[in-house]
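K.L.:
My structure is stored as start-v8.csv, with CSV, C-alpha atoms and all ligand atoms.
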```csv
chain,number,residue,atom,x,y,z
E,1421,MET,CA,109.4,73.3,81.9
E,1422,ILE,CA,108.0,70.6,84.0
E,1423,GLY,CA,108.2,66.8,83.8
E,1424,ALA,CA,107.7,63.8,86.1
E,1425,ARG,CA,110.7,61.5,86.5
E,1426,PRO,CA,110.8,58.0,87.7
E,1427,ALA,CA,112.9,57.4,90.8
E,1428,GLY,CA,115.9,55.8,88.9
E,1429,GLY,CA,119.1,56.1,90.9
E,1430,SER,CA,117.5,58.6,93.3
E,1431,PRO,CA,116.1,57.6,96.7
E,1432,PHE,CA,112.8,59.5,95.8
E,1433,GLY,CA,110.6,60.2,92.9
E,1434,TYR,CA,110.5,63.9,92.1
E,1435,VAL,CA,109.2,66.5,89.6
E,1436,LEU,CA,112.0,68.1,87.7
E,1437,ARG,CA,111.8,71.8,86.8
E,1438,HIS,CA,114.1,73.8,84.6
E,1439,SER,CA,114.2,77.5,85.6
E,1440,PRO,CA,116.1,80.1,83.5
E,1441,ARG,CA,116.6,82.1,86.7
E,1442,SER,CA,118.0,79.3,88.9
E,1443,ARG,CA,121.8,79.1,89.2
E,1444,HIS,CA,121.9,76.0,91.5
E,1445,LEU,CA,120.1,72.8,92.3
E,1446,ARG,CA,117.2,73.6,94.7
E,1447,ILE,CA,114.7,71.2,96.3
E,1448,THR,CA,111.3,72.2,97.6
E,1449,ILE,CA,108.3,70.2,99.0
E,1450,ASP,CA,105.1,71.3,97.2
E,1451,PRO,CA,101.8,70.5,98.9
E,1452,GLU,CA,100.3,69.3,95.6
E,1453,VAL,CA,103.0,67.5,93.8
E,1454,GLY,CA,105.5,66.5,96.5
E,1455,LEU,CA,109.3,66.7,96.0
E,1456,VAL,CA,110.3,69.3,93.3
E,1457,VAL,CA,113.9,69.6,92.0
E,1458,THR,CA,114.6,72.9,90.3
E,1459,VAL,CA,117.8,73.2,88.1
E,1460,PRO,CA,119.2,75.7,85.6
E,1461,PRO,CA,118.2,75.1,81.9
E,1462,PRO,CA,120.0,72.2,80.1
E,1463,THR,CA,121.6,74.8,77.8
E,1464,ARG,CA,123.7,76.2,80.8
E,1465,ARG,CA,127.2,74.8,81.0
E,1466,GLY,CA,127.3,71.7,83.3
E,1467,TRP,CA,123.5,71.2,83.4
E,1468,ALA,CA,122.8,69.3,80.2
E,1469,ARG,CA,122.4,66.0,82.1
E,1470,PRO,CA,121.7,66.9,85.8
E,1471,GLU,CA,120.4,63.4,86.9
E,1472,ALA,CA,123.6,62.1,88.6
E,1473,ARG,CA,124.0,65.4,90.4
E,1474,ILE,CA,120.4,65.3,91.6
E,1475,ASP,CA,120.7,61.7,92.8
E,1476,THR,CA,123.8,62.5,94.8
E,1477,PHE,CA,122.2,65.7,96.2
E,1478,LEU,CA,119.1,63.8,97.3
E,1479,ARG,CA,121.1,60.9,98.8
E,1480,GLU,CA,123.0,63.4,100.9
E,1481,ARG,CA,119.8,65.0,102.1
E,1482,GLU,CA,117.8,61.9,102.5
E,1483,THR,CA,116.9,62.4,106.1
E,1484,TRP,CA,115.7,66.0,105.5
E,1485,VAL,CA,113.6,65.0,102.5
E,1486,ARG,CA,112.1,62.0,104.2
E,1487,LYS,CA,111.1,64.1,107.2
E,1488,HIS,CA,109.5,66.8,105.1
E,1489,LEU,CA,107.7,64.4,102.7
E,1490,ALA,CA,106.3,62.5,105.8
E,1491,ARG,CA,105.0,65.9,107.2
E,1492,ARG,CA,103.4,66.7,103.9
E,1493,ASP,CA,101.7,63.3,103.7
E,1494,ARG,CA,100.4,63.8,107.3
E,1495,GLU,CA,99.1,67.3,106.5
E,1496,ARG,CA,97.5,66.2,103.3
E,1497,ALA,CA,95.8,63.3,105.0
E,1498,GLU,CA,94.6,65.7,107.6
E,1499,LEU,CA,93.2,68.1,105.0
E,1500,ILE,CA,91.5,65.3,103.2
E,1501,ALA,CA,90.0,64.0,106.4
E,1502,ARG,CA,88.6,67.5,107.1
E,1503,GLY,CA,86.6,67.2,103.8
E,1504,GLY,CA,88.4,69.6,101.4
E,1505,LEU,CA,86.0,72.3,100.4
E,1506,ALA,CA,82.8,70.3,100.6
E,1507,ASP,CA,79.8,71.2,102.7
E,1508,GLY,CA,80.5,70.0,106.3
E,1509,ALA,CA,84.3,70.1,105.9
E,1510,ALA,CA,86.5,71.8,108.5
E,1511,ILE,CA,88.7,74.8,107.4
E,1512,ARG,CA,91.1,76.9,109.5
E,1513,PHE,CA,90.5,80.6,109.9
E,1514,ARG,CA,92.3,82.9,112.5
E,1515,GLY,CA,93.8,79.6,113.8
E,1516,GLU,CA,90.4,78.0,114.7
E,1517,LEU,CA,88.8,75.1,112.7
E,1518,HIS,CA,85.5,76.3,111.2
E,1519,ARG,CA,82.7,74.1,109.8
E,1520,LEU,CA,82.1,74.9,106.2
E,1521,ARG,CA,78.4,75.3,105.3
E,1522,ILE,CA,77.6,75.7,101.6
E,1523,ALA,CA,74.2,76.5,100.3
E,1524,PRO,CA,73.0,77.6,96.8
E,1525,VAL,CA,71.3,81.0,96.6
E,1526,ALA,CA,69.4,82.8,93.9
E,1527,ALA,CA,71.3,86.1,94.5
E,1528,ALA,CA,73.7,87.5,91.9
E,1529,ARG,CA,76.8,87.5,94.1
E,1530,SER,CA,78.1,84.8,96.5
E,1531,THR,CA,78.6,85.8,100.1
E,1532,VAL,CA,80.6,84.3,103.1
E,1533,ALA,CA,79.7,84.9,106.7
E,1534,ARG,CA,81.4,83.8,109.9
E,1535,VAL,CA,78.9,82.5,112.4
E,1536,VAL,CA,79.3,81.4,116.0
E,1537,SER,CA,76.7,78.8,116.7
E,1538,PRO,CA,76.2,76.5,119.8
E,1539,ASP,CA,78.1,73.8,117.8
E,1540,GLY,CA,81.2,76.0,117.3
E,1541,PHE,CA,82.5,78.2,114.5
E,1542,GLU,CA,81.0,78.1,111.0
E,1543,LEU,CA,81.8,79.7,107.7
E,1544,ARG,CA,78.6,80.0,105.7
E,1545,VAL,CA,79.0,80.3,102.0
E,1546,LEU,CA,75.9,81.3,100.0
E,1547,LEU,CA,76.8,80.4,96.5
E,1548,ALA,CA,75.4,82.3,93.5
E,1549,ARG,CA,74.8,80.2,90.4
E,1550,ARG,CA,77.9,81.4,88.5
E,1551,ASP,CA,80.2,80.3,91.4
E,1552,ARG,CA,78.8,76.8,91.9
E,1553,ASP,CA,82.0,75.2,90.8
E,1554,ALA,CA,84.3,77.7,92.5
E,1555,VAL,CA,83.9,77.5,96.3
E,1556,GLY,CA,87.7,78.0,96.6
E,1557,ARG,CA,87.7,81.2,94.7
E,1558,VAL,CA,84.7,82.6,96.7
E,1559,LEU,CA,86.5,81.7,99.9
E,1560,GLU,CA,89.8,83.1,98.8
E,1561,ARG,CA,88.2,86.4,97.9
E,1562,TRP,CA,86.7,86.6,101.4
E,1563,PHE,CA,89.9,85.5,103.1
E,1564,ARG,CA,91.8,88.2,101.3
E,1565,GLY,CA,89.3,90.9,102.4
E,1566,GLN,CA,89.6,89.6,106.0
E,1567,ALA,CA,93.4,89.5,105.7
E,1568,LEU,CA,93.6,93.1,104.7
E,1569,VAL,CA,91.4,94.2,107.6
E,1570,ALA,CA,93.5,92.1,110.1
E,1571,VAL,CA,96.8,93.3,108.7
E,1572,GLU,CA,95.9,97.0,108.6
E,1573,ALA,CA,94.5,96.9,112.1
E,1574,THR,CA,97.7,95.1,113.4
E,1575,VAL,CA,99.9,97.6,111.5
E,1576,ALA,CA,98.0,100.4,113.2
E,1577,ASP,CA,98.5,98.8,116.6
E,1578,HIS,CA,102.3,98.7,116.1
E,1579,ALA,CA,103.3,101.4,113.7
E,1580,ALA,CA,102.7,104.3,116.1
E,1581,GLU,CA,105.4,103.5,118.6
E,1582,PRO,CA,108.3,102.8,116.3
E,1583,GLY,CA,107.4,106.1,114.6
E,1584,VAL,CA,107.4,104.6,111.1
E,1585,GLN,CA,104.5,104.2,108.7
E,1586,PRO,CA,104.6,101.8,105.8
E,1587,ALA,CA,104.4,103.5,102.4
E,1588,ALA,CA,102.0,100.8,101.1
E,1589,ILE,CA,100.6,97.4,102.1
E,1590,ALA,CA,100.0,94.7,99.6
E,1591,LEU,CA,98.6,91.1,100.0
E,1592,ARG,CA,100.0,88.4,97.8
E,1593,ASP,CA,100.3,84.6,97.8
E,1594,PRO,CA,104.1,83.8,97.8
E,1595,ARG,CA,105.2,80.2,98.4
E,1596,SER,CA,108.3,80.7,100.5
E,1597,ARG,CA,107.8,83.8,102.7
E,1598,TRP,CA,105.0,85.2,104.9
E,1599,GLY,CA,106.0,88.9,104.4
E,1600,SER,CA,108.6,91.3,103.1
E,1601,ALA,CA,109.6,94.9,103.4
E,1602,SER,CA,111.2,97.0,100.7
E,1603,GLN,CA,113.6,99.8,101.3
E,1604,GLN,CA,111.0,102.2,100.0
E,1605,GLY,CA,108.8,101.1,103.0
E,1606,ARG,CA,106.4,98.9,101.0
E,1607,LEU,CA,105.2,95.9,103.0
E,1608,MET,CA,103.9,92.7,101.5
E,1609,PHE,CA,102.1,89.9,103.4
E,1610,SER,CA,100.7,86.6,102.4
E,1611,TRP,CA,96.9,86.6,102.6
E,1612,ARG,CA,97.1,83.1,104.1
E,1613,LEU,CA,98.2,84.6,107.4
E,1614,VAL,CA,94.6,85.1,108.1
E,1615,LEU,CA,94.1,81.4,108.3
E,1616,ALA,CA,96.8,81.2,111.1
E,1617,PRO,CA,96.2,82.3,114.7
E,1618,PRO,CA,96.1,86.2,115.1
E,1619,GLU,CA,99.4,86.0,117.1
E,1620,ALA,CA,101.2,84.4,114.1
E,1621,LEU,CA,99.9,87.2,111.8
E,1622,GLU,CA,101.0,89.8,114.4
E,1623,THR,CA,104.4,88.2,114.6
E,1624,VAL,CA,104.9,88.7,110.8
E,1625,VAL,CA,103.6,92.2,110.9
E,1626,VAL,CA,105.9,93.1,113.8
E,1627,HIS,CA,108.8,91.6,111.9
E,1628,GLU,CA,108.3,93.5,108.7
E,1629,LEU,CA,107.6,96.8,110.5
E,1630,ALA,CA,110.8,96.3,112.4
E,1631,HIS,CA,112.6,96.2,109.0
E,1632,LEU,CA,111.4,99.8,108.4
E,1633,ARG,CA,113.7,100.8,111.3
E,1634,VAL,CA,116.5,98.2,111.1
E,1635,PHE,CA,117.8,96.7,107.9
E,1636,GLY,CA,118.9,93.0,108.0
E,1637,HIS,CA,118.6,90.5,110.8
E,1638,GLY,CA,121.2,91.6,113.3
E,1639,PRO,CA,120.9,91.7,117.1
E,1640,ARG,CA,119.4,95.2,117.0
E,1641,PHE,CA,116.7,94.0,114.7
E,1642,TRP,CA,115.7,91.0,116.9
E,1643,ALA,CA,115.7,93.3,120.0
E,1644,VAL,CA,113.0,95.5,118.2
E,1645,VAL,CA,111.0,92.4,117.3
E,1646,ALA,CA,111.2,90.9,120.8
E,1647,SER,CA,110.2,94.2,122.4
E,1648,ARG,CA,106.9,94.0,120.5
E,1649,ARG,CA,106.3,90.2,120.6
E,1650,PRO,CA,108.5,88.4,123.1
E,1651,ASP,CA,107.1,85.1,122.0
E,1652,HIS,CA,107.7,85.6,118.3
E,1653,LEU,CA,109.8,82.4,118.0
E,1654,VAL,CA,106.8,80.3,119.1
E,1655,TRP,CA,104.7,81.8,116.3
E,1656,ARG,CA,107.4,81.5,113.7
E,1657,ARG,CA,107.6,77.8,114.6
E,1658,TRP,CA,103.8,77.5,114.3
E,1659,LEU,CA,103.9,79.0,110.8
E,1660,ARG,CA,106.8,76.7,109.7
E,1661,SER,CA,105.0,73.6,110.9
E,1662,HIS,CA,101.7,74.6,109.3
E,1663,SER,CA,103.1,76.0,106.1
E,1664,LEU,CA,102.0,73.2,103.9
E,1665,GLU,CA,98.6,73.1,105.5
E,1666,LEU,CA,98.0,76.8,104.9
E,1667,HIS,CA,99.3,76.7,101.3
E,1668,GLY,CA,97.2,73.7,100.5
E,1669,ALA,CA,94.1,75.0,102.3
E,1670,LEU,CA,92.2,75.9,99.1
E,1671,GLY,CA,93.2,73.0,96.8
E,1672,GLU,CA,92.1,74.6,93.5
E,1673,ALA,CA,93.6,78.0,94.2
E,1674,THR,CA,97.0,76.4,94.9
E,1675,VAL,CA,96.9,74.7,91.5
E,1676,LEU,CA,96.0,78.0,89.7
E,1677,HIS,CA,98.9,79.7,91.6
E,1678,GLU,CA,101.3,77.0,90.5
E,1679,ARG,CA,100.4,77.4,86.8
E,1680,GLY,CA,100.9,81.1,87.1
E,1681,ALA,CA,104.3,80.6,88.7
E,1682,GLU,CA,105.3,78.3,85.8
E,1683,GLN,CA,104.4,80.9,83.2
E,1684,THR,CA,106.4,83.6,85.0
E,1685,SER,CA,109.5,81.5,85.3
E,1686,ALA,CA,109.3,80.4,81.6
E,1687,GLY,CA,109.0,84.1,80.5
E,1701,ZN,ZN,113.2,89.8,107.9
```
Give the structure from the file, written as structure tokens.
P.N.:
Amino acid sequence: MIGARPAGGSPFGYVLRHSPRSRHLRITIDPEVGLVVTVPPPTRRGWARPEARIDTFLRERETWVRKHLARRDRERAELIARGGLADGAAIRFRGELHRLRIAPVAAARSTVARVVSPDGFELRVLLARRDRDAVGRVLERWFRGQALVAVEATVADHAAEPGVQPAAIALRDPRSRWGSASQQGRLMFSWRLVLAPPEALETVVVHELAHLRVFGHGPRFWAVVASRRPDHLVWRRWLRSHSLELHGALGEATVLHERGAEQTSAG
């Protein structure tokens, strides 16, 4: 369930979500809708009228919320200034800003090509008729393909020495993590890592591969990570400070993802 709420006694306006799976009050900053407060359903004991609890919670964390809302506004303004997904806009790929060039084409399938021209980097999208209103989907498909190539190559670079091979590699689009490793050796990565600098993608790959050797985040784990990427903290920081930008990079895809997430949490 989702509903906009006026600010009332809270220092901020926010979107309220009831999630059957949530046990506590949780706040997140969504690149599209801003501050989101998630609470257990009103039928759970103590959560029938959560407003006062939310107001107190938000007042206690006012500095944190203000800081992150300001960052989101800055990143949104920057994305809008770059031109969204229009012809001539700038979009990040492998850490570098690329000029987006969009042209209609009579072919049956749309294609994307990365071109290095005297003016800099370009992503040239040749749009088939059926994709005319879906540049974001065409780009996402291409980004996912590129992400798989980049992740598999990086895994191959690093998996030999630790002597462990992942059982499977999957690309997804999670909101709150860049990668994960299951105890069965399955690795998951966000395809959006391909938008970040290669060093950031490599940092996440090294991290998840290290989990195949060491469970948890103890000193032994961090020693393995640091042996492969001594500067891993720099790239973690880069990903944290660009998280909203990368998640908002293809506006329409983000909206679709949100709708999907709502359906999942309601079911
Ligand atoms: Zn970890």
K.L.:
Give the residue list for ligand ZN 1701 (chain E) at 9 Å, counting all atoms listed in the file, as a list in words, sorted by chain and then by residue number.
P.N.:
Gly1599, Ser1600, Ala1601, Val1624, His1627, Glu1628, Ala1630, His1631, Phe1635, Gly1636, His1637 and Phe1641 of chain E
K.L.:
Export C-alpha atoms of the chosen residues as a PDB file, keeping the file's coordinate frame?
P.N.:
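The result, written out as result-v8.pdb:
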```
ATOM      1  CA  GLY E1599     106.000  88.900 104.400  1.00  0.00           C
ATOM      2  CA  SER E1600     108.600  91.300 103.100  1.00  0.00           C
ATOM      3  CA  ALA E1601     109.600  94.900 103.400  1.00  0.00           C
ATOM      4  CA  VAL E1624     104.900  88.700 110.800  1.00  0.00           C
ATOM      5  CA  HIS E1627     108.800  91.600 111.900  1.00  0.00           C
ATOM      6  CA  GLU E1628     108.300  93.500 108.700  1.00  0.00           C
ATOM      7  CA  ALA E1630     110.800  96.300 112.400  1.00  0.00           C
ATOM      8  CA  HIS E1631     112.600  96.200 109.000  1.00  0.00           C
ATOM      9  CA  PHE E1635     117.800  96.700 107.900  1.00  0.00           C
ATOM     10  CA  GLY E1636     118.900  93.000 108.000  1.00  0.00           C
ATOM     11  CA  HIS E1637     118.600  90.500 110.800  1.00  0.00           C
ATOM     12  CA  PHE E1641     116.700  94.000 114.700  1.00  0.00           C
TER      13      PHE E1641
END
```
K.L.:
So how far away is CA of Val1453 in chain E from CA of Arg1512 in chain E, in Å?
P.N.:
21.8 Å
K.L.:
Which neighbours of range 1559-1563 of chain E fall inside 8 Å, counting all atoms listed in the file, when residues of the same chain fewer than 2 positions from it are skipped, and could you give them as a list of chain:residue names?
P.N.:
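The residues that qualify are E:Val1532, E:Val1545, E:Val1555, E:Gly1556, E:Arg1557, E:Gly1565, E:Gln1566, E:Ala1567, E:Trp1611, E:Arg1612, E:Val1614, E:Leu1615, E:Leu1670, E:Ala1673.
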K.L.:
If we count all atoms listed in the file and set the cut-off at 12 Å, which residues sit around Ala1526 in chain E, ignoring sequence neighbours fewer than 5 positions away in its own chain? Please answer as a list in words.
P.N.:
Thr1531, Leu1546, Leu1547, Ala1548, Arg1549, Arg1550, Asp1551 and Arg1552 of chain E
K.L.:
When distances are computed from all atoms listed in the file, which of E:Gly1638, E:Pro1618, E:Gly1433, E:Pro1440 shows the smallest separation from Pro1460 in chain E?
P.N.:
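Closest candidate: E:Pro1440.
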K.L.:
Using only C-alpha atoms, can you tell me which of E:Asp1553, E:Asp1651, E:Glu1665, E:Asp1593 comes closest to Ala1497 in chain E?
P.N.:
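Once distances to Ala1497 in chain E are computed over only C-alpha atoms, the minimum belongs to E:Glu1665.
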K.L.:
Taking all atoms listed in the file into account, name the residue in E:Arg1640, E:Arg1494, E:Leu1632, E:Ala1620 that is nearest to Trp1658 in chain E.
P.N.:
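Closest to Trp1658 in chain E, using all atoms listed in the file: E:Ala1620.
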K.L.:
In the coordinates of the file, take the point (78.7, 84.7, 110.0) and a cut-off of 7 Å; then, counting all atoms listed in the file, name each qualifying protein, DNA or RNA residue as a list in words.
P.N.:
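Every residue inside that radius is included here: Ala1533, Arg1534, Val1535, Val1536, Leu1543 and Arg1544 of chain E.
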K.L.:
Using CA of Ala1510 in chain E and CA of Ser1610 in chain E as the two end points, give the distance in Å to one decimal.
P.N.:
21.4 Å
K.L.:
Kindly indicate which residue among E:Gly1429, E:Pro1461, E:Leu1591, E:Gln1604 lies nearest to His1444 in chain E, using all atoms listed in the file for the distances.
P.N.:
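Ranked by minimum distance to His1444 in chain E, first place goes to E:Pro1461.
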K.L.:
If you measure from CA of Arg1465 in chain E to CA of Arg1481 in chain E, what distance in Å do you get, rounded to one decimal?
P.N.:
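According to the coordinates, CA of Arg1465 in chain E and CA of Arg1481 in chain E are separated by 24.4 Å.
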K.L.:
Point out the residue among E:Gly1454, E:Gly1540, E:Pro1462, E:Pro1650 with the least atom-to-atom distance to Arg1496 in chain E, counting all atoms listed in the file.
P.N.:
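Smallest separation from Arg1496 in chain E among the options: E:Gly1454.
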K.L.:
Can you put N, CA and C atoms back into range 1534-1566 of chain E and show it as an mmCIF file, in the frame of the given file?
P.N.:
```
data_model
loop_
_atom_site.group_PDB
_atom_site.id
_atom_site.type_symbol
_atom_site.label_atom_id
_atom_site.label_comp_id
_atom_site.auth_asym_id
_atom_site.auth_seq_id
_atom_site.Cartn_x
_atom_site.Cartn_y
_atom_site.Cartn_z
ATOM 1 N N ARG E 1534 80.913 84.553 108.767
ATOM 2 C CA ARG E 1534 81.400 83.800 109.900
ATOM 3 C C ARG E 1534 80.324 83.786 110.963
ATOM 4 N N VAL E 1535 79.956 82.592 111.425
ATOM 5 C CA VAL E 1535 78.900 82.500 112.400
ATOM 6 C C VAL E 1535 79.342 81.687 113.587
ATOM 7 N N VAL E 1536 79.035 82.208 114.769
ATOM 8 C CA VAL E 1536 79.300 81.400 116.000
ATOM 9 C C VAL E 1536 78.020 80.820 116.448
ATOM 10 N N SER E 1537 77.967 79.496 116.369
ATOM 11 C CA SER E 1537 76.700 78.800 116.700
ATOM 12 C C SER E 1537 77.030 77.932 117.973
ATOM 13 N N PRO E 1538 75.988 77.373 118.591
ATOM 14 C CA PRO E 1538 76.200 76.500 119.800
ATOM 15 C C PRO E 1538 77.167 75.345 119.442
ATOM 16 N N ASP E 1539 77.233 74.938 118.158
ATOM 17 C CA ASP E 1539 78.100 73.800 117.800
ATOM 18 C C ASP E 1539 79.544 74.241 117.541
ATOM 19 N N GLY E 1540 79.806 75.536 117.564
ATOM 20 C CA GLY E 1540 81.200 76.000 117.300
ATOM 21 C C GLY E 1540 81.174 77.039 116.192
ATOM 22 N N PHE E 1541 82.341 77.196 115.538
ATOM 23 C CA PHE E 1541 82.500 78.200 114.500
ATOM 24 C C PHE E 1541 82.055 77.672 113.144
ATOM 25 N N GLU E 1542 81.424 78.528 112.351
ATOM 26 C CA GLU E 1542 81.000 78.100 111.000
ATOM 27 C C GLU E 1542 81.417 79.226 110.000
ATOM 28 N N LEU E 1543 81.768 78.786 108.785
ATOM 29 C CA LEU E 1543 81.800 79.700 107.700
ATOM 30 C C LEU E 1543 80.709 79.348 106.732
ATOM 31 N N ARG E 1544 79.730 80.253 106.584
ATOM 32 C CA ARG E 1544 78.600 80.000 105.700
ATOM 33 C C ARG E 1544 78.750 80.626 104.382
ATOM 34 N N VAL E 1545 78.802 79.785 103.374
ATOM 35 C CA VAL E 1545 79.000 80.300 102.000
ATOM 36 C C VAL E 1545 77.641 80.164 101.287
ATOM 37 N N LEU E 1546 77.102 81.291 100.854
ATOM 38 C CA LEU E 1546 75.900 81.300 100.000
ATOM 39 C C LEU E 1546 76.365 81.471 98.585
ATOM 40 N N LEU E 1547 76.209 80.400 97.805
ATOM 41 C CA LEU E 1547 76.800 80.400 96.500
ATOM 42 C C LEU E 1547 75.840 80.807 95.386
ATOM 43 N N ALA E 1548 76.205 81.860 94.660
ATOM 44 C CA ALA E 1548 75.400 82.300 93.500
ATOM 45 C C ALA E 1548 75.664 81.243 92.368
ATOM 46 N N ARG E 1549 74.741 81.205 91.415
ATOM 47 C CA ARG E 1549 74.800 80.200 90.400
ATOM 48 C C ARG E 1549 76.164 80.169 89.653
ATOM 49 N N ARG E 1550 76.670 81.364 89.308
ATOM 50 C CA ARG E 1550 77.900 81.400 88.500
ATOM 51 C C ARG E 1550 79.123 80.918 89.280
ATOM 52 N N ASP E 1551 79.017 80.788 90.611
ATOM 53 C CA ASP E 1551 80.200 80.300 91.400
ATOM 54 C C ASP E 1551 80.034 78.879 91.866
ATOM 55 N N ARG E 1552 79.053 78.153 91.352
ATOM 56 C CA ARG E 1552 78.800 76.800 91.900
ATOM 57 C C ARG E 1552 79.983 75.888 91.863
ATOM 58 N N ASP E 1553 80.860 76.047 90.886
ATOM 59 C CA ASP E 1553 82.000 75.200 90.800
ATOM 60 C C ASP E 1553 83.289 75.844 91.329
ATOM 61 N N ALA E 1554 83.128 76.909 92.091
ATOM 62 C CA ALA E 1554 84.300 77.700 92.500
ATOM 63 C C ALA E 1554 84.269 78.134 93.927
ATOM 64 N N VAL E 1555 83.952 77.210 94.826
ATOM 65 C CA VAL E 1555 83.900 77.500 96.300
ATOM 66 C C VAL E 1555 85.245 78.108 96.710
ATOM 67 N N GLY E 1556 86.341 77.519 96.195
ATOM 68 C CA GLY E 1556 87.700 78.000 96.600
ATOM 69 C C GLY E 1556 87.918 79.425 96.257
ATOM 70 N N ARG E 1557 87.457 79.837 95.070
ATOM 71 C CA ARG E 1557 87.700 81.200 94.700
ATOM 72 C C ARG E 1557 86.837 82.189 95.527
ATOM 73 N N VAL E 1558 85.609 81.776 95.820
ATOM 74 C CA VAL E 1558 84.700 82.600 96.700
ATOM 75 C C VAL E 1558 85.369 82.767 98.051
ATOM 76 N N LEU E 1559 85.861 81.651 98.600
ATOM 77 C CA LEU E 1559 86.500 81.700 99.900
ATOM 78 C C LEU E 1559 87.758 82.536 99.888
ATOM 79 N N GLU E 1560 88.551 82.365 98.841
ATOM 80 C CA GLU E 1560 89.800 83.100 98.800
ATOM 81 C C GLU E 1560 89.550 84.621 98.747
ATOM 82 N N ARG E 1561 88.549 85.021 97.978
ATOM 83 C CA ARG E 1561 88.200 86.400 97.900
ATOM 84 C C ARG E 1561 87.847 86.958 99.304
ATOM 85 N N TRP E 1562 87.071 86.168 100.017
ATOM 86 C CA TRP E 1562 86.700 86.600 101.400
ATOM 87 C C TRP E 1562 87.846 86.606 102.318
ATOM 88 N N PHE E 1563 88.693 85.560 102.245
ATOM 89 C CA PHE E 1563 89.900 85.500 103.100
ATOM 90 C C PHE E 1563 90.790 86.712 102.850
ATOM 91 N N ARG E 1564 90.951 87.081 101.580
ATOM 92 C CA ARG E 1564 91.800 88.200 101.300
ATOM 93 C C ARG E 1564 91.254 89.521 101.881
ATOM 94 N N GLY E 1565 89.945 89.694 101.811
ATOM 95 C CA GLY E 1565 89.300 90.900 102.400
ATOM 96 C C GLY E 1565 89.552 90.888 103.930
ATOM 97 N N GLN E 1566 89.357 89.722 104.565
ATOM 98 C CA GLN E 1566 89.600 89.600 106.000
ATOM 99 C C GLN E 1566 91.045 89.837 106.359
#
```
